[in-house]
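Raw upload.cif, mmCIF, C-alpha atoms:
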data_entry
loop_
_atom_site.group_PDB
_atom_site.id
_atom_site.type_symbol
_atom_site.label_atom_id
_atom_site.label_comp_id
_atom_site.auth_asym_id
_atom_site.auth_seq_id
_atom_site.Cartn_x
_atom_site.Cartn_y
_atom_site.Cartn_z
ATOM 1 C CA MET A 35 -42.942 -15.610 42.220
ATOM 2 C CA LYS A 36 -41.017 -14.467 39.158
ATOM 3 C CA ASP A 37 -37.609 -12.861 39.623
ATOM 4 C CA LYS A 38 -38.029 -9.348 38.243
ATOM 5 C CA GLY A 39 -34.305 -8.605 38.191
ATOM 6 C CA GLU A 40 -34.537 -5.827 40.779
ATOM 7 C CA LYS A 41 -31.681 -4.710 43.002
ATOM 8 C CA ALA A 42 -31.841 -4.723 46.802
ATOM 9 C CA ASP A 43 -29.732 -3.972 49.820
ATOM 10 C CA LEU A 44 -29.883 -7.538 51.070
ATOM 11 C CA ALA A 45 -30.505 -11.087 49.897
ATOM 12 C CA VAL A 46 -31.996 -13.245 52.644
ATOM 13 C CA VAL A 47 -31.395 -16.957 52.172
ATOM 14 C CA LEU A 48 -33.791 -19.118 54.158
ATOM 15 C CA GLY A 49 -32.184 -22.155 55.741
ATOM 16 C CA ASN A 50 -32.730 -25.793 55.025
ATOM 17 C CA LYS A 51 -31.232 -29.108 56.003
ATOM 18 C CA VAL A 52 -27.586 -29.608 56.839
ATOM 19 C CA ASN A 53 -26.736 -33.287 56.464
ATOM 20 C CA GLU A 54 -25.441 -35.423 59.337
ATOM 21 C CA ASP A 55 -21.907 -35.196 57.937
ATOM 22 C CA GLY A 56 -22.047 -31.385 57.951
ATOM 23 C CA THR A 57 -22.524 -30.972 54.210
ATOM 24 C CA LEU A 58 -25.390 -28.903 52.890
ATOM 25 C CA SER A 59 -28.460 -30.484 51.336
ATOM 26 C CA GLU A 60 -28.738 -29.992 47.582
ATOM 27 C CA ARG A 61 -31.751 -27.739 48.135
ATOM 28 C CA LEU A 62 -29.782 -25.477 50.482
ATOM 29 C CA ARG A 63 -26.769 -25.377 48.152
ATOM 30 C CA ALA A 64 -29.092 -24.355 45.311
ATOM 31 C CA ARG A 65 -30.430 -21.454 47.397
ATOM 32 C CA LEU A 66 -26.928 -20.335 48.291
ATOM 33 C CA ASP A 67 -25.757 -20.611 44.688
ATOM 34 C CA GLN A 68 -28.659 -18.357 43.724
ATOM 35 C CA SER A 69 -27.577 -15.790 46.326
ATOM 36 C CA VAL A 70 -24.037 -15.884 44.905
ATOM 37 C CA VAL A 71 -25.474 -15.080 41.465
ATOM 38 C CA LEU A 72 -27.366 -12.133 42.963
ATOM 39 C CA TYR A 73 -24.258 -10.868 44.741
ATOM 40 C CA ASN A 74 -21.855 -11.330 41.823
ATOM 41 C CA SER A 75 -24.235 -9.599 39.424
ATOM 42 C CA GLY A 76 -24.402 -6.561 41.725
ATOM 43 C CA ARG A 77 -28.062 -7.016 42.570
ATOM 44 C CA VAL A 78 -27.433 -7.168 46.354
ATOM 45 C CA LYS A 79 -24.871 -5.581 48.663
ATOM 46 C CA LYS A 80 -24.940 -8.212 51.392
ATOM 47 C CA ILE A 81 -26.261 -11.714 51.991
ATOM 48 C CA LEU A 82 -28.122 -12.724 55.150
ATOM 49 C CA VAL A 83 -28.128 -16.457 55.850
ATOM 50 C CA SER A 84 -30.833 -17.517 58.254
ATOM 51 C CA GLY A 85 -31.552 -20.827 59.932
ATOM 52 C CA GLY A 86 -31.548 -22.540 63.271
ATOM 53 C CA LEU A 87 -29.875 -25.446 65.000
ATOM 54 C CA GLY A 88 -30.797 -28.551 63.044
ATOM 55 C CA LYS A 89 -31.447 -31.923 64.604
ATOM 56 C CA GLU A 90 -28.164 -33.000 63.003
ATOM 57 C CA GLY A 91 -26.335 -30.694 65.443
ATOM 58 C CA TYR A 92 -25.229 -27.916 63.079
ATOM 59 C CA TRP A 93 -26.108 -24.235 63.056
ATOM 60 C CA GLU A 94 -27.501 -23.695 59.564
ATOM 61 C CA GLY A 95 -26.375 -20.065 59.391
ATOM 62 C CA ASP A 96 -22.776 -20.922 60.220
ATOM 63 C CA LYS A 97 -22.636 -23.720 57.644
ATOM 64 C CA MET A 98 -24.211 -21.442 55.037
ATOM 65 C CA LYS A 99 -21.613 -18.758 55.754
ATOM 66 C CA GLU A 100 -18.801 -21.307 55.283
ATOM 67 C CA PHE A 101 -20.246 -22.207 51.886
ATOM 68 C CA LEU A 102 -20.453 -18.555 50.795
ATOM 69 C CA GLU A 103 -16.868 -17.906 51.869
ATOM 70 C CA ILE A 104 -15.729 -20.842 49.728
ATOM 71 C CA LYS A 105 -17.587 -19.134 46.866
ATOM 72 C CA HIS A 106 -15.478 -15.986 47.508
ATOM 73 C CA ILE A 107 -18.163 -13.852 49.129
ATOM 74 C CA PRO A 108 -16.279 -11.529 51.528
ATOM 75 C CA GLU A 109 -16.957 -12.240 55.195
ATOM 76 C CA GLU A 110 -17.950 -8.600 55.794
ATOM 77 C CA ASN A 111 -20.791 -9.017 53.289
ATOM 78 C CA ILE A 112 -22.290 -12.072 54.994
ATOM 79 C CA ILE A 113 -24.677 -11.671 57.913
ATOM 80 C CA VAL A 114 -25.495 -14.770 59.965
ATOM 81 C CA ASP A 115 -28.840 -15.268 61.716
ATOM 82 C CA ASN A 116 -28.755 -18.516 63.683
ATOM 83 C CA LYS A 117 -32.099 -17.717 65.343
ATOM 84 C CA GLY A 118 -34.167 -18.163 62.179
ATOM 85 C CA ASN A 119 -35.732 -21.420 63.325
ATOM 86 C CA ASN A 120 -38.671 -21.053 60.948
ATOM 87 C CA THR A 121 -39.896 -18.751 58.196
ATOM 88 C CA GLU A 122 -41.652 -16.368 60.580
ATOM 89 C CA MET A 123 -38.578 -15.944 62.775
ATOM 90 C CA THR A 124 -36.383 -15.392 59.724
ATOM 91 C CA VAL A 125 -38.722 -12.638 58.519
ATOM 92 C CA GLU A 126 -38.810 -10.962 61.946
ATOM 93 C CA ASN A 127 -35.034 -11.158 62.328
ATOM 94 C CA THR A 128 -34.487 -9.867 58.794
ATOM 95 C CA ILE A 129 -36.655 -6.819 59.451
ATOM 96 C CA ARG A 130 -34.727 -6.053 62.658
ATOM 97 C CA ILE A 131 -31.423 -6.375 60.819
ATOM 98 C CA CYS A 132 -32.667 -4.170 57.977
ATOM 99 C CA ASP A 133 -33.789 -1.542 60.486
ATOM 100 C CA SER A 134 -30.429 -1.540 62.258
ATOM 101 C CA LEU A 135 -28.488 -1.268 58.968
ATOM 102 C CA HIS A 136 -30.959 1.172 57.366
ATOM 103 C CA PHE A 137 -31.668 -1.281 54.563
ATOM 104 C CA ARG A 138 -34.892 -0.638 52.696
ATOM 105 C CA ASN A 139 -35.372 -3.662 50.480
ATOM 106 C CA VAL A 140 -34.607 -7.362 50.300
ATOM 107 C CA ILE A 141 -34.668 -10.254 47.898
ATOM 108 C CA SER A 142 -35.805 -13.499 49.508
ATOM 109 C CA VAL A 143 -34.035 -16.597 48.253
ATOM 110 C CA SER A 144 -35.932 -19.838 48.644
ATOM 111 C CA GLN A 145 -37.894 -22.332 46.573
ATOM 112 C CA TYR A 146 -40.579 -20.843 44.303
ATOM 113 C CA TYR A 147 -43.491 -22.319 46.265
ATOM 114 C CA HIS A 148 -42.225 -20.725 49.501
ATOM 115 C CA GLN A 149 -42.032 -17.178 48.149
ATOM 116 C CA THR A 150 -45.705 -16.220 48.406
ATOM 117 C CA ARG A 151 -45.830 -16.988 52.121
ATOM 118 C CA ILE A 152 -42.495 -15.261 52.734
ATOM 119 C CA LYS A 153 -43.749 -12.075 51.067
ATOM 120 C CA LYS A 154 -47.021 -12.262 52.993
ATOM 121 C CA LEU A 155 -45.135 -12.520 56.290
ATOM 122 C CA PHE A 156 -43.038 -9.467 55.389
ATOM 123 C CA MET A 157 -46.132 -7.490 54.377
ATOM 124 C CA ASP A 158 -47.991 -8.515 57.544
ATOM 125 C CA ARG A 159 -45.143 -6.761 59.393
ATOM 126 C CA HIS A 160 -45.388 -3.649 57.175
ATOM 127 C CA PHE A 161 -42.219 -4.381 55.207
ATOM 128 C CA TYR A 162 -43.328 -4.068 51.603
ATOM 129 C CA THR A 163 -40.146 -3.915 49.530
ATOM 130 C CA VAL A 164 -39.506 -7.622 49.057
ATOM 131 C CA GLU A 165 -38.625 -9.286 45.791
ATOM 132 C CA SER A 166 -37.914 -12.969 45.283
ATOM 133 C CA SER A 167 -35.388 -15.120 43.497
ATOM 134 C CA SER A 168 -35.601 -18.889 43.398
ATOM 135 C CA PRO A 169 -33.074 -21.458 42.254
ATOM 136 C CA ASN A 170 -33.862 -23.769 39.358
ATOM 137 C CA TYR A 171 -33.923 -26.808 41.592
ATOM 138 C CA PHE A 172 -36.740 -29.339 41.826
ATOM 139 C CA GLU A 173 -37.316 -32.572 43.725
ATOM 140 C CA ILE A 174 -40.220 -34.998 43.759
ATOM 141 C CA ARG A 175 -40.998 -33.856 47.303
ATOM 142 C CA ASP A 176 -41.794 -30.387 45.887
ATOM 143 C CA PHE A 177 -45.293 -31.690 45.130
ATOM 144 C CA TYR A 178 -45.821 -32.214 48.854
ATOM 145 C CA SER A 179 -44.109 -28.926 49.650
ATOM 146 C CA VAL A 180 -46.471 -26.938 47.418
ATOM 147 C CA PHE A 181 -49.432 -28.439 49.280
ATOM 148 C CA ARG A 182 -47.787 -27.745 52.656
ATOM 149 C CA GLU A 183 -47.138 -24.105 51.726
ATOM 150 C CA VAL A 184 -50.764 -23.557 50.718
ATOM 151 C CA ILE A 185 -51.892 -24.866 54.104
ATOM 152 C CA ALA A 186 -49.274 -22.762 55.938
ATOM 153 C CA TYR A 187 -50.251 -19.635 53.984
ATOM 154 C CA TYR A 188 -53.926 -19.883 54.887
ATOM 155 C CA TRP A 189 -53.272 -21.121 58.422
ATOM 156 C CA ASN A 190 -51.491 -17.837 59.193
ATOM 157 C CA GLN A 191 -54.341 -15.642 57.980
#

Spell out the structure here as structure tokens.
Amino acid sequence: MKDKGEKADLAVVLGNKVNEDGTLSERLRARLDQSVVLYNSGRVKKILVSGGLGKEGYWEGDKMKEFLEIKHIPEENIIVDNKGNNTEMTVENTIRICDSLHFRNVISVSQYYHQTRIKKLFMDRHFYTVESSSPNYFEIRDFYSVFREVIAYYWNQ
């Protein structure tokens, strides 16, 4: 779960809630800010934003791309996956995108407690070059989220 400072072809930012007014949740902004740090430090060449259509009526990937463009990430270095409705779909879509672009490694960007399951899903699909980078962002609900991730990890075994 520790960021080892490695470089990769691609950062994949897993989606999260877009608020009813179209703004990003603090958790999602923290993930995107972390991807901007990775990009600006030269650790990744491109950023993949992945999410689905939220119940609020917004495509997470599109809203994430808008945020990155405001942060001066060039449009040609942002890849949008609006079919990443859950972690498993994001992993599958990321692997397909990496194959098509001949990318060999990724850095997943999500909360620390999510990273173990993300890496497991990549490895289950024979994609082994995955590092992780998590924002320094915590909420009280993270206690519940840690528990939920443990259940999800073992449920998928």

Could you write out as a PDB file with C-alpha atoms, in the frame of the given file the residues that the PyMOL selection byres ((chain A and resi 59-69) around 6) matches in the shown file?
ATOM      1  CA  ASN A  50     -32.730 -25.793  55.025  1.00  0.00           C
ATOM      2  CA  LYS A  51     -31.232 -29.108  56.003  1.00  0.00           C
ATOM      3  CA  VAL A  52     -27.586 -29.608  56.839  1.00  0.00           C
ATOM      4  CA  LEU A  58     -25.390 -28.903  52.890  1.00  0.00           C
ATOM      5  CA  VAL A  70     -24.037 -15.884  44.905  1.00  0.00           C
ATOM      6  CA  VAL A  71     -25.474 -15.080  41.465  1.00  0.00           C
ATOM      7  CA  LEU A  72     -27.366 -12.133  42.963  1.00  0.00           C
ATOM      8  CA  SER A 144     -35.932 -19.838  48.644  1.00  0.00           C
ATOM      9  CA  PRO A 169     -33.074 -21.458  42.254  1.00  0.00           C
TER      10      PRO A 169
END

From A:Gly118, A:Gly39, A:Gly49, A:Gly56, residue lying nearest Gly91 in chain A [all atoms listed in the file]
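Looking at the shortest contact to Gly91 in chain A, the residue is A:Gly56.
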
Best match for closeness to Val140 in chain A among A:Glu90, A:Asp43, A:Asp37, A:Glu103, counting all atoms listed in the file
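Distance minimum relative to Val140 in chain A lands on A:Asp43.
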
Let me know the residues the PyMOL selection byres ((chain A and resi 152) around 12) catches in the file above, as a ChimeraX atom specification.
/A:35,46-48,120-126,128,140-151,153-159,161-162,164-167,183-184,186-187,190

Go through A:Lys99, A:Lys89, A:His106, A:Lys117 one by one, measure the shortest atom-to-atom distance of each to Tyr73 in chain A using only C-alpha atoms, and give the residue with the smallest value.
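Looking only at the distances to Tyr73 in chain A, the closest residue turns out to be A:His106.
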
d(CA of Glu54 in chain A, CA of Ile131 in chain A) in Å
29.7 Å

Measuring atom to atom with only C-alpha atoms, identify which of A:Ala45, A:Ile113, A:Leu135, A:Ile129 is nearest to Arg77 in chain A.
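The closest residue to Arg77 in chain A is A:Ala45.
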
So how many Å separate CA of Ser168 in chain A and CA of Lys38 in chain A, to one decimal?
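Answer for the CA of Ser168 in chain A to CA of Lys38 in chain A separation: 11.1 Å.
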
With all atoms listed in the file as the counted atoms, please give the residues lying no more than 8 Å from Val114 in chain A, apart from itself and same-chain residues fewer than 2 positions off, as a ChimeraX atom specification.
/A:82-84,95-96,99,112,116

Include C-alpha atoms and write out the residues we just selected as an mmCIF file, keeping the file's coordinate frame.
data_model
loop_
_atom_site.group_PDB
_atom_site.id
_atom_site.type_symbol
_atom_site.label_atom_id
_atom_site.label_comp_id
_atom_site.auth_asym_id
_atom_site.auth_seq_id
_atom_site.Cartn_x
_atom_site.Cartn_y
_atom_site.Cartn_z
ATOM 1 C CA LEU A 82 -28.122 -12.724 55.150
ATOM 2 C CA VAL A 83 -28.128 -16.457 55.850
ATOM 3 C CA SER A 84 -30.833 -17.517 58.254
ATOM 4 C CA GLY A 95 -26.375 -20.065 59.391
ATOM 5 C CA ASP A 96 -22.776 -20.922 60.220
ATOM 6 C CA LYS A 99 -21.613 -18.758 55.754
ATOM 7 C CA ILE A 112 -22.290 -12.072 54.994
ATOM 8 C CA ASN A 116 -28.755 -18.516 63.683
#
